[in-house]
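Data file: work05.txt. Format and content: compact mmCIF, C-alpha atoms and all ligand atoms.
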```txt
# COMPACT_ATOMS: atom_id res chain seq x y z
CA MET A 15 4.75 28.59 9.61
CA SER A 16 2.64 25.46 9.10
CA GLU A 17 -0.49 27.60 9.78
CA GLN A 18 -0.31 28.53 6.09
CA LEU A 19 -0.80 24.93 5.01
CA ILE A 20 -4.11 23.11 4.61
CA ARG A 21 -4.21 20.22 7.09
CA TYR A 22 -5.12 17.51 4.60
CA ALA A 23 -5.25 14.58 7.05
CA GLY A 24 -5.27 15.72 10.68
CA PRO A 25 -2.36 17.50 12.36
CA PHE A 26 1.21 17.44 11.02
CA VAL A 27 3.98 15.62 12.89
CA PRO A 28 6.12 18.07 14.94
CA GLY A 29 9.50 19.07 13.48
CA VAL A 30 10.76 20.09 10.05
CA ALA A 31 12.83 17.66 7.97
CA ARG A 32 15.97 18.93 6.28
CA SER A 33 17.61 15.84 4.83
CA ALA A 34 17.20 12.10 4.39
CA SER A 35 19.46 9.17 3.62
CA GLY A 36 19.04 5.38 3.83
CA SER A 37 16.73 4.44 6.73
CA PHE A 38 16.86 7.87 8.41
CA TYR A 39 15.71 11.44 7.95
CA GLU A 40 17.04 14.35 9.94
CA LEU A 41 15.09 17.19 11.53
CA ASP A 42 16.25 20.79 11.64
CA ASP A 43 16.90 20.47 15.39
CA GLY A 44 19.49 17.79 14.55
CA ARG A 45 17.41 14.76 15.61
CA ARG A 46 17.77 11.64 13.43
CA MET A 47 14.55 9.78 12.84
CA LEU A 48 14.59 6.07 12.01
CA ASP A 49 11.98 5.79 9.29
CA PHE A 50 9.75 2.73 9.68
CA THR A 51 7.34 4.22 7.15
CA ALA A 52 9.87 4.49 4.27
CA GLY A 53 8.54 8.00 3.63
CA GLN A 54 4.93 7.32 2.67
CA ILE A 55 5.77 3.62 2.01
CA CYS A 56 7.62 4.69 -1.13
CA ALA A 57 11.34 4.74 -0.29
CA THR A 58 11.82 0.95 -0.34
CA ILE A 59 15.43 1.32 -1.52
CA GLY A 60 16.16 3.86 1.25
CA HIS A 61 15.97 7.63 1.13
CA ASN A 62 17.90 9.52 -1.55
CA HIS A 63 19.49 6.41 -3.01
CA PRO A 64 22.53 7.50 -5.07
CA ARG A 65 21.26 5.59 -8.13
CA VAL A 66 17.99 7.53 -8.08
CA VAL A 67 19.81 10.80 -7.48
CA SER A 68 22.10 10.23 -10.46
CA ALA A 69 19.17 9.15 -12.70
CA ILE A 70 17.40 12.42 -11.84
CA GLU A 71 20.60 14.41 -12.47
CA GLN A 72 20.93 12.75 -15.86
CA ALA A 73 17.28 13.52 -16.66
CA CYS A 74 17.94 17.17 -15.75
CA ARG A 75 20.61 17.22 -18.43
CA ASP A 76 18.48 15.26 -20.94
CA VAL A 77 14.77 15.97 -20.63
CA LEU A 78 12.41 16.38 -17.65
CA HIS A 79 8.98 16.68 -19.22
CA LEU A 80 7.37 16.46 -22.65
CA ASN A 81 4.07 16.82 -24.43
CA SER A 82 1.92 13.87 -23.32
CA TRP A 83 2.00 12.24 -26.79
CA VAL A 84 5.79 12.45 -27.20
CA LEU A 85 7.75 9.40 -26.05
CA SER A 86 11.31 9.27 -24.69
CA GLU A 87 14.00 6.65 -24.12
CA PRO A 88 13.48 6.37 -20.32
CA VAL A 89 9.77 5.59 -20.81
CA LEU A 90 10.40 2.98 -23.51
CA ARG A 91 13.18 1.41 -21.45
CA LEU A 92 11.09 1.32 -18.27
CA ALA A 93 8.19 -0.36 -20.09
CA HIS A 94 10.56 -2.97 -21.47
CA ARG A 95 12.38 -3.58 -18.17
CA LEU A 96 9.18 -3.76 -16.11
CA ILE A 97 7.36 -6.08 -18.52
CA ASP A 98 10.44 -8.32 -18.45
CA THR A 99 9.74 -8.93 -14.76
CA LEU A 100 6.07 -9.86 -15.35
CA PRO A 101 4.36 -13.05 -16.52
CA PRO A 102 2.19 -13.09 -19.65
CA PRO A 103 -0.25 -11.65 -20.50
CA LEU A 104 0.91 -8.47 -18.64
CA ASP A 105 2.80 -6.87 -21.49
CA ARG A 106 1.39 -3.37 -21.92
CA ALA A 107 2.23 -0.40 -19.65
CA LEU A 108 0.90 3.10 -19.00
CA PHE A 109 2.91 5.47 -16.79
CA LEU A 110 1.12 8.06 -14.64
CA SER A 111 2.00 9.86 -11.41
CA THR A 112 0.04 8.55 -8.40
CA GLY A 113 -1.52 5.36 -7.15
CA GLY A 114 -5.01 6.81 -7.41
CA GLU A 115 -4.38 7.67 -11.06
CA ALA A 116 -3.08 4.19 -11.91
CA ASN A 117 -6.18 2.63 -10.35
CA GLU A 118 -8.46 5.11 -12.13
CA ALA A 119 -6.85 4.05 -15.41
CA ALA A 120 -7.35 0.34 -14.65
CA LEU A 121 -10.95 0.99 -13.66
CA ARG A 122 -11.74 3.04 -16.76
CA MET A 123 -10.08 0.49 -19.03
CA ALA A 124 -11.92 -2.41 -17.35
CA LYS A 125 -15.23 -0.60 -17.89
CA LEU A 126 -14.43 0.39 -21.45
CA HIS A 127 -13.22 -3.09 -22.40
CA SER A 128 -16.11 -4.97 -20.77
CA GLY A 129 -18.81 -2.43 -21.57
CA ARG A 130 -20.01 -2.91 -17.98
CA PHE A 131 -19.69 -0.85 -14.82
CA GLU A 132 -20.08 -2.84 -11.57
CA VAL A 133 -16.93 -3.04 -9.46
CA LEU A 134 -16.13 -4.92 -6.26
CA SER A 135 -13.56 -3.88 -3.68
CA LEU A 136 -12.75 -5.06 -0.19
CA THR A 137 -13.83 -3.35 2.99
CA ARG A 138 -10.75 -1.85 4.71
CA SER A 139 -9.11 -1.31 1.32
CA TRP A 140 -7.35 1.85 0.16
CA HIS A 141 -7.08 2.59 -3.56
CA GLY A 142 -6.77 6.39 -3.57
CA LEU A 143 -8.95 9.44 -3.10
CA THR A 144 -9.66 10.63 -6.63
CA ALA A 145 -13.35 10.46 -7.46
CA GLY A 146 -13.58 7.05 -9.15
CA VAL A 147 -11.32 5.09 -6.84
CA SER A 148 -12.45 6.83 -3.65
CA ALA A 149 -15.65 4.83 -4.14
CA LEU A 150 -13.50 1.68 -3.86
CA THR A 151 -11.60 2.93 -0.79
CA HIS A 152 -13.20 1.75 2.43
CA ALA A 153 -10.45 2.30 5.02
CA GLY A 154 -11.14 6.01 5.45
CA GLY A 155 -11.86 9.35 3.85
CA ARG A 156 -15.48 8.54 2.98
CA SER A 157 -17.72 10.68 5.20
CA GLY A 158 -18.73 14.19 4.35
CA TYR A 159 -18.01 14.34 0.64
CA GLY A 160 -21.37 13.36 -0.80
CA PRO A 161 -22.26 10.30 -2.86
CA THR A 162 -19.56 8.04 -4.31
CA ALA A 163 -19.76 6.48 -7.77
CA PRO A 164 -22.70 4.08 -8.19
CA GLY A 165 -22.10 0.43 -9.05
CA VAL A 166 -19.51 -0.29 -6.34
CA PHE A 167 -20.03 -3.25 -3.99
CA ALA A 168 -18.00 -4.18 -0.91
CA LEU A 169 -16.57 -7.63 -0.22
CA PRO A 170 -15.85 -8.28 3.49
CA ALA A 171 -12.09 -8.15 4.12
CA PRO A 172 -10.48 -11.44 5.22
CA TYR A 173 -9.69 -10.05 8.66
CA ALA A 174 -9.20 -13.24 10.64
CA TYR A 175 -8.57 -11.50 13.99
CA ARG A 176 -12.03 -9.92 13.76
CA CYS A 177 -13.90 -12.03 11.21
CA PRO A 178 -16.41 -9.73 9.47
CA ILE A 179 -18.99 -12.53 9.18
CA ARG A 180 -18.26 -13.92 12.67
CA HIS A 181 -17.22 -17.25 11.21
CA CYS A 182 -13.45 -17.76 11.59
CA ASP A 183 -11.05 -16.96 14.41
CA GLY A 184 -7.38 -16.55 13.59
CA ASP A 185 -7.40 -18.55 10.34
CA CYS A 186 -9.58 -17.28 7.51
CA ASP A 187 -11.18 -20.03 5.39
CA CYS A 188 -12.40 -17.60 2.69
CA SER A 189 -16.08 -17.91 3.70
CA CYS A 190 -16.18 -14.10 3.74
CA LEU A 191 -15.31 -14.11 0.04
CA GLU A 192 -18.10 -16.56 -0.83
CA ALA A 193 -20.57 -14.58 1.31
CA GLY A 194 -19.51 -11.33 -0.34
CA PHE A 195 -20.12 -12.69 -3.83
CA GLU A 196 -23.48 -14.12 -2.77
CA LEU A 197 -24.55 -10.64 -1.63
CA TYR A 198 -23.17 -9.08 -4.79
CA ASP A 199 -25.03 -11.52 -7.04
CA GLN A 200 -28.31 -10.55 -5.41
CA ALA A 201 -27.63 -6.82 -5.61
CA SER A 202 -26.15 -6.75 -9.11
CA VAL A 203 -28.05 -5.18 -11.97
CA GLY A 204 -26.18 -7.48 -14.33
CA SER A 205 -23.16 -5.37 -15.22
CA PRO A 206 -20.08 -7.11 -13.68
CA ALA A 207 -16.90 -5.32 -14.76
CA ALA A 208 -14.07 -5.78 -12.26
CA ALA A 209 -12.85 -6.54 -8.75
CA VAL A 210 -10.01 -4.59 -7.16
CA ALA A 211 -7.85 -5.71 -4.24
CA GLU A 212 -4.51 -5.19 -2.47
CA PRO A 213 -2.44 -8.38 -1.88
CA VAL A 214 -2.09 -7.21 1.75
CA LEU A 215 -4.62 -4.61 2.94
CA SER A 216 -2.26 -2.06 4.40
CA ALA A 217 -4.17 1.08 5.42
CA GLY A 218 -7.05 -1.08 6.64
CA GLY A 219 -4.87 -2.63 9.36
CA VAL A 220 -2.21 -4.76 7.62
CA ILE A 221 -4.58 -7.62 6.86
CA VAL A 222 -2.94 -10.63 5.20
CA PRO A 223 -5.38 -12.72 3.13
CA PRO A 224 -4.95 -16.49 3.57
CA PRO A 225 -3.26 -18.71 0.95
CA GLY A 226 -5.75 -19.52 -1.79
CA TYR A 227 -7.69 -16.28 -1.34
CA PHE A 228 -6.73 -14.68 -4.64
CA VAL A 229 -7.02 -17.92 -6.62
CA ARG A 230 -10.63 -18.16 -5.44
CA LEU A 231 -11.21 -14.45 -6.06
CA ALA A 232 -9.90 -14.87 -9.61
CA GLU A 233 -12.23 -17.88 -10.13
CA LEU A 234 -15.27 -15.99 -8.82
CA CYS A 235 -14.40 -13.06 -11.09
CA ALA A 236 -13.88 -15.28 -14.13
CA GLU A 237 -17.26 -16.99 -13.57
CA ARG A 238 -18.91 -13.58 -13.92
CA GLY A 239 -16.67 -12.21 -16.67
CA MET A 240 -15.13 -9.68 -14.26
CA LEU A 241 -11.55 -8.51 -14.65
CA LEU A 242 -9.21 -8.76 -11.66
CA ILE A 243 -7.23 -5.62 -10.77
CA LEU A 244 -4.47 -6.05 -8.19
CA ASP A 245 -3.27 -2.82 -6.62
CA GLU A 246 0.37 -3.30 -5.61
CA ALA A 247 1.05 0.31 -4.62
CA GLN A 248 2.75 -0.84 -1.41
CA THR A 249 3.39 -4.52 -2.08
CA GLY A 250 4.97 -4.28 -5.54
CA LEU A 251 8.73 -4.37 -6.05
CA GLY A 252 9.77 -6.51 -3.16
CA ARG A 253 8.08 -5.47 0.07
CA LEU A 254 6.33 -8.78 0.77
CA GLY A 255 9.42 -10.90 0.09
CA ALA A 256 8.73 -11.51 -3.62
CA LEU A 257 9.00 -9.03 -6.46
CA TYR A 258 5.19 -8.88 -6.62
CA GLY A 259 2.57 -9.88 -4.07
CA PHE A 260 0.57 -11.78 -6.68
CA GLU A 261 3.46 -14.26 -7.06
CA LEU A 262 2.96 -15.31 -3.45
CA TYR A 263 -0.70 -16.04 -4.14
CA ASP A 264 -0.27 -17.90 -7.46
CA VAL A 265 -2.48 -15.63 -9.53
CA VAL A 266 -1.92 -13.33 -12.47
CA PRO A 267 -4.33 -10.38 -12.53
CA ASP A 268 -5.83 -8.80 -15.65
CA PHE A 269 -4.51 -5.46 -14.43
CA LEU A 270 -1.58 -4.76 -12.13
CA THR A 271 -1.13 -1.27 -10.73
CA LEU A 272 2.15 -0.07 -9.24
CA SER A 273 2.83 3.29 -7.66
CA LYS A 274 4.49 4.27 -4.36
CA THR A 275 7.41 1.81 -4.48
CA LEU A 276 7.98 2.23 -8.22
CA GLY A 277 9.55 5.68 -7.97
CA GLY A 278 11.29 5.17 -4.62
CA GLY A 279 10.00 8.61 -3.58
CA ILE A 280 9.51 10.18 -7.01
CA PRO A 281 5.87 10.28 -8.17
CA ILE A 282 5.38 7.67 -10.86
CA SER A 283 2.76 4.94 -11.18
CA ALA A 284 2.04 2.24 -13.72
CA THR A 285 -1.02 0.41 -15.01
CA LEU A 286 -0.13 -2.88 -16.65
CA THR A 287 -2.43 -5.13 -18.63
CA SER A 288 -2.56 -7.48 -21.62
CA ALA A 289 -2.13 -6.66 -25.32
CA GLU A 290 -5.71 -7.86 -25.88
CA ILE A 291 -7.23 -5.42 -23.36
CA GLU A 292 -4.99 -2.59 -24.58
CA GLN A 293 -6.06 -3.18 -28.18
CA SER A 294 -9.74 -3.34 -27.29
CA CYS A 295 -9.55 -0.10 -25.27
CA PHE A 296 -7.67 1.62 -28.08
CA GLU A 297 -10.37 0.57 -30.55
CA ARG A 298 -13.04 1.90 -28.20
CA GLY A 299 -11.27 5.28 -28.09
CA LEU A 300 -9.58 5.17 -24.66
CA VAL A 301 -8.75 8.63 -23.31
CA HIS A 302 -6.73 8.68 -20.10
CA VAL A 303 -4.26 11.45 -20.71
CA THR A 304 -2.79 13.54 -17.86
CA SER A 305 -0.21 16.35 -17.79
CA HIS A 306 2.51 14.01 -16.57
CA VAL A 307 1.65 10.77 -18.38
CA SER A 308 4.83 9.26 -19.91
CA ASP A 309 7.10 11.88 -18.31
CA PRO A 310 10.79 11.00 -18.79
CA MET A 311 12.28 12.10 -15.44
CA PRO A 312 10.12 9.90 -13.18
CA ALA A 313 10.59 7.00 -15.60
CA ALA A 314 14.37 7.38 -15.31
CA ALA A 315 14.07 7.33 -11.50
CA ALA A 316 11.85 4.21 -11.65
CA GLU A 317 14.35 2.41 -13.85
CA ALA A 318 17.03 3.13 -11.24
CA VAL A 319 14.72 1.77 -8.51
CA LEU A 320 14.13 -1.40 -10.51
CA ASP A 321 17.90 -1.82 -11.01
CA VAL A 322 18.49 -1.58 -7.27
CA VAL A 323 15.59 -3.84 -6.28
CA LEU A 324 16.69 -6.55 -8.73
CA GLY A 325 20.47 -6.05 -8.44
CA ASP A 326 20.50 -6.07 -4.63
CA ASP A 327 17.76 -8.75 -4.32
CA LEU A 328 15.68 -6.51 -2.08
CA ALA A 329 12.74 -8.94 -2.26
CA GLY A 330 15.02 -11.54 -0.64
CA ALA A 331 16.12 -8.92 1.89
CA ALA A 332 12.47 -8.15 2.71
CA ALA A 333 11.85 -11.85 3.40
CA THR A 334 14.89 -12.17 5.68
CA GLN A 335 14.56 -8.86 7.49
CA GLY A 336 10.78 -9.29 7.74
CA GLN A 337 11.40 -12.49 9.66
CA ARG A 338 13.65 -10.63 12.10
CA LEU A 339 11.09 -7.84 12.49
CA ILE A 340 8.10 -10.10 13.08
CA GLU A 341 10.01 -12.30 15.54
CA GLY A 342 10.93 -9.16 17.50
CA LEU A 343 7.31 -8.02 17.44
CA HIS A 344 6.15 -11.39 18.76
CA GLU A 345 8.63 -11.02 21.63
CA ILE A 346 7.17 -7.58 22.34
CA GLN A 347 3.70 -9.13 22.30
CA GLY A 348 4.91 -11.53 24.99
CA ARG A 349 5.82 -8.57 27.21
CA HIS A 350 2.82 -6.29 26.59
CA GLU A 351 -0.78 -7.33 27.26
CA VAL A 352 -2.03 -4.52 25.03
CA VAL A 353 -0.57 -6.15 21.92
CA GLY A 354 -3.53 -8.20 20.74
CA ASP A 355 -2.26 -9.35 17.36
CA VAL A 356 0.96 -9.26 15.36
CA ARG A 357 0.72 -9.97 11.65
CA GLY A 358 2.43 -9.23 8.38
CA MET A 359 4.26 -10.47 5.35
CA GLY A 360 7.84 -9.58 4.45
CA LEU A 361 8.56 -6.05 5.62
CA LEU A 362 4.92 -4.97 5.97
CA CYS A 363 3.90 -5.65 9.56
CA GLY A 364 1.02 -4.65 11.81
CA VAL A 365 0.67 -4.59 15.59
CA GLU A 366 -2.94 -4.35 16.74
CA LEU A 367 -3.42 -2.79 20.16
CA VAL A 368 -6.31 -3.85 22.39
CA GLU A 369 -7.68 -2.83 25.78
CA ASP A 370 -8.05 -6.44 26.73
CA ARG A 371 -6.83 -9.57 24.95
CA ALA A 372 -9.90 -11.60 25.89
CA THR A 373 -12.50 -9.13 24.58
CA ARG A 374 -10.18 -7.67 21.89
CA ALA A 375 -11.68 -4.25 22.59
CA PRO A 376 -9.64 -1.90 20.37
CA ALA A 377 -7.23 0.44 22.22
CA ASP A 378 -7.98 3.47 20.07
CA THR A 379 -6.38 6.17 22.25
CA LEU A 380 -3.30 4.06 22.96
CA GLY A 381 -2.38 3.72 19.30
CA ARG A 382 -1.90 7.45 18.82
CA ALA A 383 -0.06 7.77 22.15
CA VAL A 384 2.41 5.00 21.18
CA THR A 385 3.17 6.50 17.76
CA ASP A 386 3.67 9.94 19.37
CA GLU A 387 6.03 8.45 21.95
CA CYS A 388 7.97 6.58 19.23
CA GLN A 389 8.23 9.83 17.27
CA ARG A 390 9.55 11.61 20.38
CA CYS A 391 12.17 8.87 20.80
CA GLY A 392 13.37 8.96 17.18
CA LEU A 393 11.21 6.39 15.36
CA SER A 394 8.67 7.23 12.71
CA ILE A 395 5.78 4.75 12.45
CA ASN A 396 2.24 4.98 11.11
CA ILE A 397 -0.93 4.19 12.91
CA VAL A 398 -3.62 2.75 10.66
CA ARG A 399 -7.24 1.81 10.91
CA GLY A 400 -8.38 -0.62 13.53
CA GLU A 401 -11.76 -1.97 14.42
CA THR A 402 -13.94 1.14 14.58
CA ALA A 403 -14.35 3.50 11.65
CA GLY A 404 -12.36 6.66 12.28
CA ALA A 405 -10.29 5.04 15.05
CA ALA A 406 -6.75 3.79 14.66
CA ASN A 407 -5.24 1.06 16.80
CA CYS A 408 -2.89 -0.76 14.47
CA LEU A 409 0.78 0.23 14.31
CA ARG A 410 2.08 -0.23 10.78
CA LEU A 411 5.76 -0.94 10.23
CA ALA A 412 7.11 -0.67 6.70
CA PRO A 413 10.80 0.26 6.78
CA PRO A 414 13.00 0.49 3.68
CA LEU A 415 13.93 -2.98 2.35
CA THR A 416 17.57 -1.98 2.76
CA ILE A 417 17.20 -1.85 6.55
CA SER A 418 20.03 -3.40 8.59
CA ASP A 419 19.77 -5.79 11.55
CA ASP A 420 20.88 -3.03 13.94
CA GLU A 421 18.26 -0.62 12.60
CA ILE A 422 15.51 -3.21 13.02
CA ASP A 423 16.67 -3.89 16.57
CA LEU A 424 16.76 -0.16 17.34
CA GLY A 425 13.20 0.26 16.06
CA LEU A 426 12.00 -2.72 18.11
CA THR A 427 13.63 -1.31 21.25
CA ILE A 428 11.93 2.05 20.77
CA ILE A 429 8.52 0.41 20.23
CA ASP A 430 9.01 -1.79 23.30
CA GLU A 431 9.97 1.20 25.47
CA ALA A 432 7.17 3.37 24.06
CA LEU A 433 4.62 0.69 24.98
CA THR A 434 6.09 0.51 28.51
CA THR A 435 6.00 4.31 28.92
CA VAL A 436 2.51 4.82 27.54
CA THR A 437 0.83 1.93 29.36
CA ALA A 438 2.34 3.16 32.65
CA ARG A 439 0.47 6.45 32.29
CA PRO A 440 -2.93 6.89 33.90
CA SER A 441 -5.57 6.44 31.16
CA ALA A 442 -6.57 10.14 31.26
CA ALA A 443 -2.97 11.06 30.42
CA VAL A 444 -2.98 8.59 27.52
CA ALA A 445 -6.07 10.27 26.10
CA ALA A 446 -4.54 13.72 26.64
CA VAL A 447 -1.50 12.78 24.57
CA GLN A 448 -3.80 12.06 21.66
CA THR A 449 -5.25 15.57 21.43
C1 LIG A 501 -2.77 0.23 -1.88
C2 LIG A 501 -2.86 1.68 -2.27
N1 LIG A 501 -3.38 2.00 -3.46
C3 LIG A 501 -3.47 3.27 -3.87
C4 LIG A 501 -3.05 4.30 -3.06
C5 LIG A 501 -3.19 5.71 -3.52
O1 LIG A 501 -1.98 6.18 -3.96
P1 LIG A 501 -1.76 7.77 -4.10
O2 LIG A 501 -1.87 8.32 -2.73
O3 LIG A 501 -0.40 7.84 -4.69
O4 LIG A 501 -2.83 8.26 -5.02
C6 LIG A 501 -2.50 4.03 -1.82
C7 LIG A 501 -2.06 5.12 -0.93
O5 LIG A 501 -1.84 4.97 0.22
C8 LIG A 501 -2.40 2.68 -1.40
O6 LIG A 501 -1.90 2.35 -0.22
```

Entire entry expressed as structure tokens:
Amino acid sequence: MSEQLIRYAGPFVPGVARSASGSFYELDDGRRMLDFTAGQICATIGHNHPRVVSAIEQACRDVLHLNSWVLSEPVLRLAHRLIDTLPPPLDRALFLSTGGEANEAALRMAKLHSGRFEVLSLTRSWHGLTAGVSALTHAGGRSGYGPTAPGVFALPAPYAYRCPIRHCDGDCDCSCLEAGFELYDQASVGSPAAAVAEPVLSAGGVIVPPPGYFVRLAELCAERGMLLILDEAQTGLGRLGALYGFELYDVVPDFLTLSKTLGGGIPISATLTSAEIEQSCFERGLVHVTSHVSDPMPAAAAEAVLDVVLGDDLAGAAATQGQRLIEGLHEIQGRHEVVGDVRGMGLLCGVELVEDRATRAPADTLGRAVTDECQRCGLSINIVRGETAGAANCLRLAPPLTISDDEIDLGLTIIDEALTTVTARPSAAVAAVQT
């Protein structure tokens, strides 16, 4: 049956899902899959949370969708509730559907407000695949689609395990950031508009910037009159152990974008900025309307997500359970030579696989084989970009923030056993599993 579908990102995972609840989804052959990807890193409050289900049911009785210029109670309430969780000057909200759209809005507003067009983003970043933000996305999806938007410059990601400027080893001292701005200053045609970054670079290999990184980034931006856009698609609403990633780095961006985790599985995203920027964009005739902007049903779902995240202190849970997860991963590293690096923050963790710990040669075929074996044994995990473009050797673990101790331990056991099974295979068999 899947032959009728366009394969939008490589092959599909075997099996057909029929239901989901909490940390698990169930396949039509009856197998229960422990979901260490929280859907597509969206279901932070667990699958099909009853509060979200009842908010959607209520919206079905009230109103699902409206003309894009007509407002509704759920949208007004969500704006109020969300802004209540944010520091000044982030007090204006726009609600769209996807992460790419929220970043497009921030980008367009930054350009309109500043009257300039140059934008910086980090190598290994992912900000979406719509035309504007795909130019800012470096972790994949670039080749074969023609030129990207002009005026975009890359800053080297603070990837301490493989320092992009061959300067640090293990602990990043932010030299990459200074070097990146030096290059930008020489290449600029004098139109600095904005810099965009994720608090933790997830798709690029779960790269955790060092303390002080975003304070310095904000300073470098301010010196040039650039606006800082933080993309918290994955890190917003608790995943890193604080409600927002920016809190952990002591900065307040000019724009905050939220998406995946905001709807808990329902497509809704938000672009947040200051009253000053909103007013200036309005005066300059901002147009960023979409069919589903300000839709009431997703806003009702997002309000339910916010209730659960705040009411159940899921940011606190992410900090505690993240500690358990990363300690277990370090133990696994002690048992498996192929685990080169373990890193993460809260419940967003990465395990980088290498051929050899001394050379750090990336184990590109092994990564796919381990995720396939985990899948076969009932654990869903992602593999994300490693060292070489197009290759993937970093296991990414991002379970729901509601995950229990036993579920974490079960996931760790499956990963441990999958590594044992796959590394015991002759290397030709490992490669064969990949295809
Ligand atoms: C940090 C980040 N920003 C933006 C996006 C794009 O979101 P969407 O796929 O909803 O457009 C993603 C998707 O993975 C992401 O991880």

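Across the structure, atom CA of A:Leu367 and atom CA of A:Leu409 are spaced 7.8 Å apart.
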
Original post:
Closest to A:Leu380 among A:Thr434, A:Ser273, A:Ser189, A:Thr416, using only C-alpha atoms?
Top reply: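 Nearest candidate to A:Leu380 out of A:Thr434, A:Ser273, A:Ser189, A:Thr416: A:Thr434.
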
Original post:
Which is closer to ligand LIG 501 (chain A) than all the others in A:Glu261, A:Asp199, A:Glu118, A:Asp183, using only C-alpha atoms and all ligand atoms?
Top reply: A:Glu118

Subject >> Among listed residues A:Ala201, A:Leu242, A:Ala73, A:Leu92, nearest A:Val319 (using all atoms listed in the file) >> reply: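 Closest residue, counting all atoms listed in the file: A:Leu92.
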
Subject >> Among listed residues A:Arg46, A:Arg138, A:Arg382, A:Lys274, nearest ligand LIG 501 (chain A) (using only C-alpha atoms and all ligand atoms) >> reply: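 Nearest candidate to ligand LIG 501 (chain A) out of A:Arg46, A:Arg138, A:Arg382, A:Lys274: A:Lys274.
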
Taking all atoms of ligand LIG 501 (chain A) that the file lists, what box with edges along x, y and z, padded by 5 Å per side, do you get, with centre and edge lengths in Å to one decimal, as JSON?
```
{"center_x": -1.9, "center_y": 4.3, "center_z": -2.4, "size_x": 13.1, "size_y": 18.1, "size_z": 15.2}
```

Skipping near chain neighbours, those fewer than 5 positions away, what residues fall within 9 Å of A:Ala332 using only C-alpha atoms, listed as a PDB file with C-alpha atoms, keeping the file's coordinate frame?
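After the write, part_23.pdb holds the following:
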```
ATOM      1  CA  GLY A 252       9.770  -6.510  -3.160  1.00  0.00           C
ATOM      2  CA  ARG A 253       8.080  -5.470   0.070  1.00  0.00           C
ATOM      3  CA  LEU A 254       6.330  -8.780   0.770  1.00  0.00           C
ATOM      4  CA  GLY A 255       9.420 -10.900   0.090  1.00  0.00           C
ATOM      5  CA  ALA A 256       8.730 -11.510  -3.620  1.00  0.00           C
ATOM      6  CA  ASP A 327      17.760  -8.750  -4.320  1.00  0.00           C
ATOM      7  CA  GLN A 337      11.400 -12.490   9.660  1.00  0.00           C
ATOM      8  CA  MET A 359       4.260 -10.470   5.350  1.00  0.00           C
ATOM      9  CA  GLY A 360       7.840  -9.580   4.450  1.00  0.00           C
ATOM     10  CA  LEU A 361       8.560  -6.050   5.620  1.00  0.00           C
ATOM     11  CA  LEU A 362       4.920  -4.970   5.970  1.00  0.00           C
ATOM     12  CA  PRO A 414      13.000   0.490   3.680  1.00  0.00           C
ATOM     13  CA  LEU A 415      13.930  -2.980   2.350  1.00  0.00           C
ATOM     14  CA  THR A 416      17.570  -1.980   2.760  1.00  0.00           C
ATOM     15  CA  ILE A 417      17.200  -1.850   6.550  1.00  0.00           C
TER      16      ILE A 417
END
```

Original post:
If I put a ball of radius 10 Å at (12.4, 8.9, -20.3) in the file's coordinates, which residues poke into it when counting all atoms listed in the file, written as an MDAnalysis selection string?
Top reply: chainID A and resid 73 76:80 85:92 308:317

Subject >> Computed interatomic separation between atom CA of A:Cys391 and atom CA of A:Leu48 (Å) >> reply: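 Separating atom CA of A:Cys391 from atom CA of A:Leu48 is a distance of 9.5 Å.
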
Original post:
Closest to ligand LIG 501 (chain A) among A:Leu262, A:Cys177, A:Cys186, A:Ala412, using only C-alpha atoms and all ligand atoms?
Top reply: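 Result for the nearest residue to ligand LIG 501 (chain A): A:Ala412.
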
Original post:
Leaving out stretch 437-440 of chain A and any residue of its chain fewer than 4 positions from it, which residues lie within 10 Å of it when counting all atoms listed in the file, given as a PyMOL selection string?
Top reply: chain A and resi 350-352+380+383-384+431-433+444-445

Original post:
Which chains and residue numbers are within 7 Å of ligand LIG 501 (chain A), counting all atoms listed in the file, if I want them as a list of chain:residue names?
Top reply: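 The residues near ligand LIG 501 (chain A) are A:Thr112, A:Gly113, A:Gly114, A:Glu115, A:Trp140, A:His141, A:Gly142, A:Leu143, A:Glu212, A:Ser216, A:Ala217, A:Asp245, A:Glu246, A:Ala247, A:Gln248, A:Ser273, A:Lys274.
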
Please provide as a compact mmCIF listing (two decimals) with C-alpha atoms, keeping the file's coordinate frame all residues within 12 Å of A:Ser33, with the sequence filter that same-chain residues fewer than 5 positions apart are discarded (counting all atoms listed in the file).
```
# COMPACT_ATOMS: atom_id res chain seq x y z
CA PHE A 38 16.86 7.87 8.41
CA TYR A 39 15.71 11.44 7.95
CA GLU A 40 17.04 14.35 9.94
CA LEU A 41 15.09 17.19 11.53
CA ASP A 42 16.25 20.79 11.64
CA ASP A 43 16.90 20.47 15.39
CA GLY A 44 19.49 17.79 14.55
CA ARG A 45 17.41 14.76 15.61
CA ARG A 46 17.77 11.64 13.43
CA MET A 47 14.55 9.78 12.84
CA HIS A 61 15.97 7.63 1.13
CA ASN A 62 17.90 9.52 -1.55
```

Original post:
Out of A:Ala318, A:Tyr22, A:Leu328, A:Ala149, which residue has the shortest atom-to-atom distance to A:Ile280 when counting only C-alpha atoms?
Top reply: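 Closest to A:Ile280 of all the choices is A:Ala318.
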
**OP:** For stretch 94-102 of chain A, please output as an MDAnalysis selection string all residues within 10 Å (counting only C-alpha atoms; exclusion window: fewer than 2 positions along the same chain).
**Re:** chainID A and resid 88:92 104:107 251 257:258 261 266:268 270 276 284 286:289 316:317 320:321 324
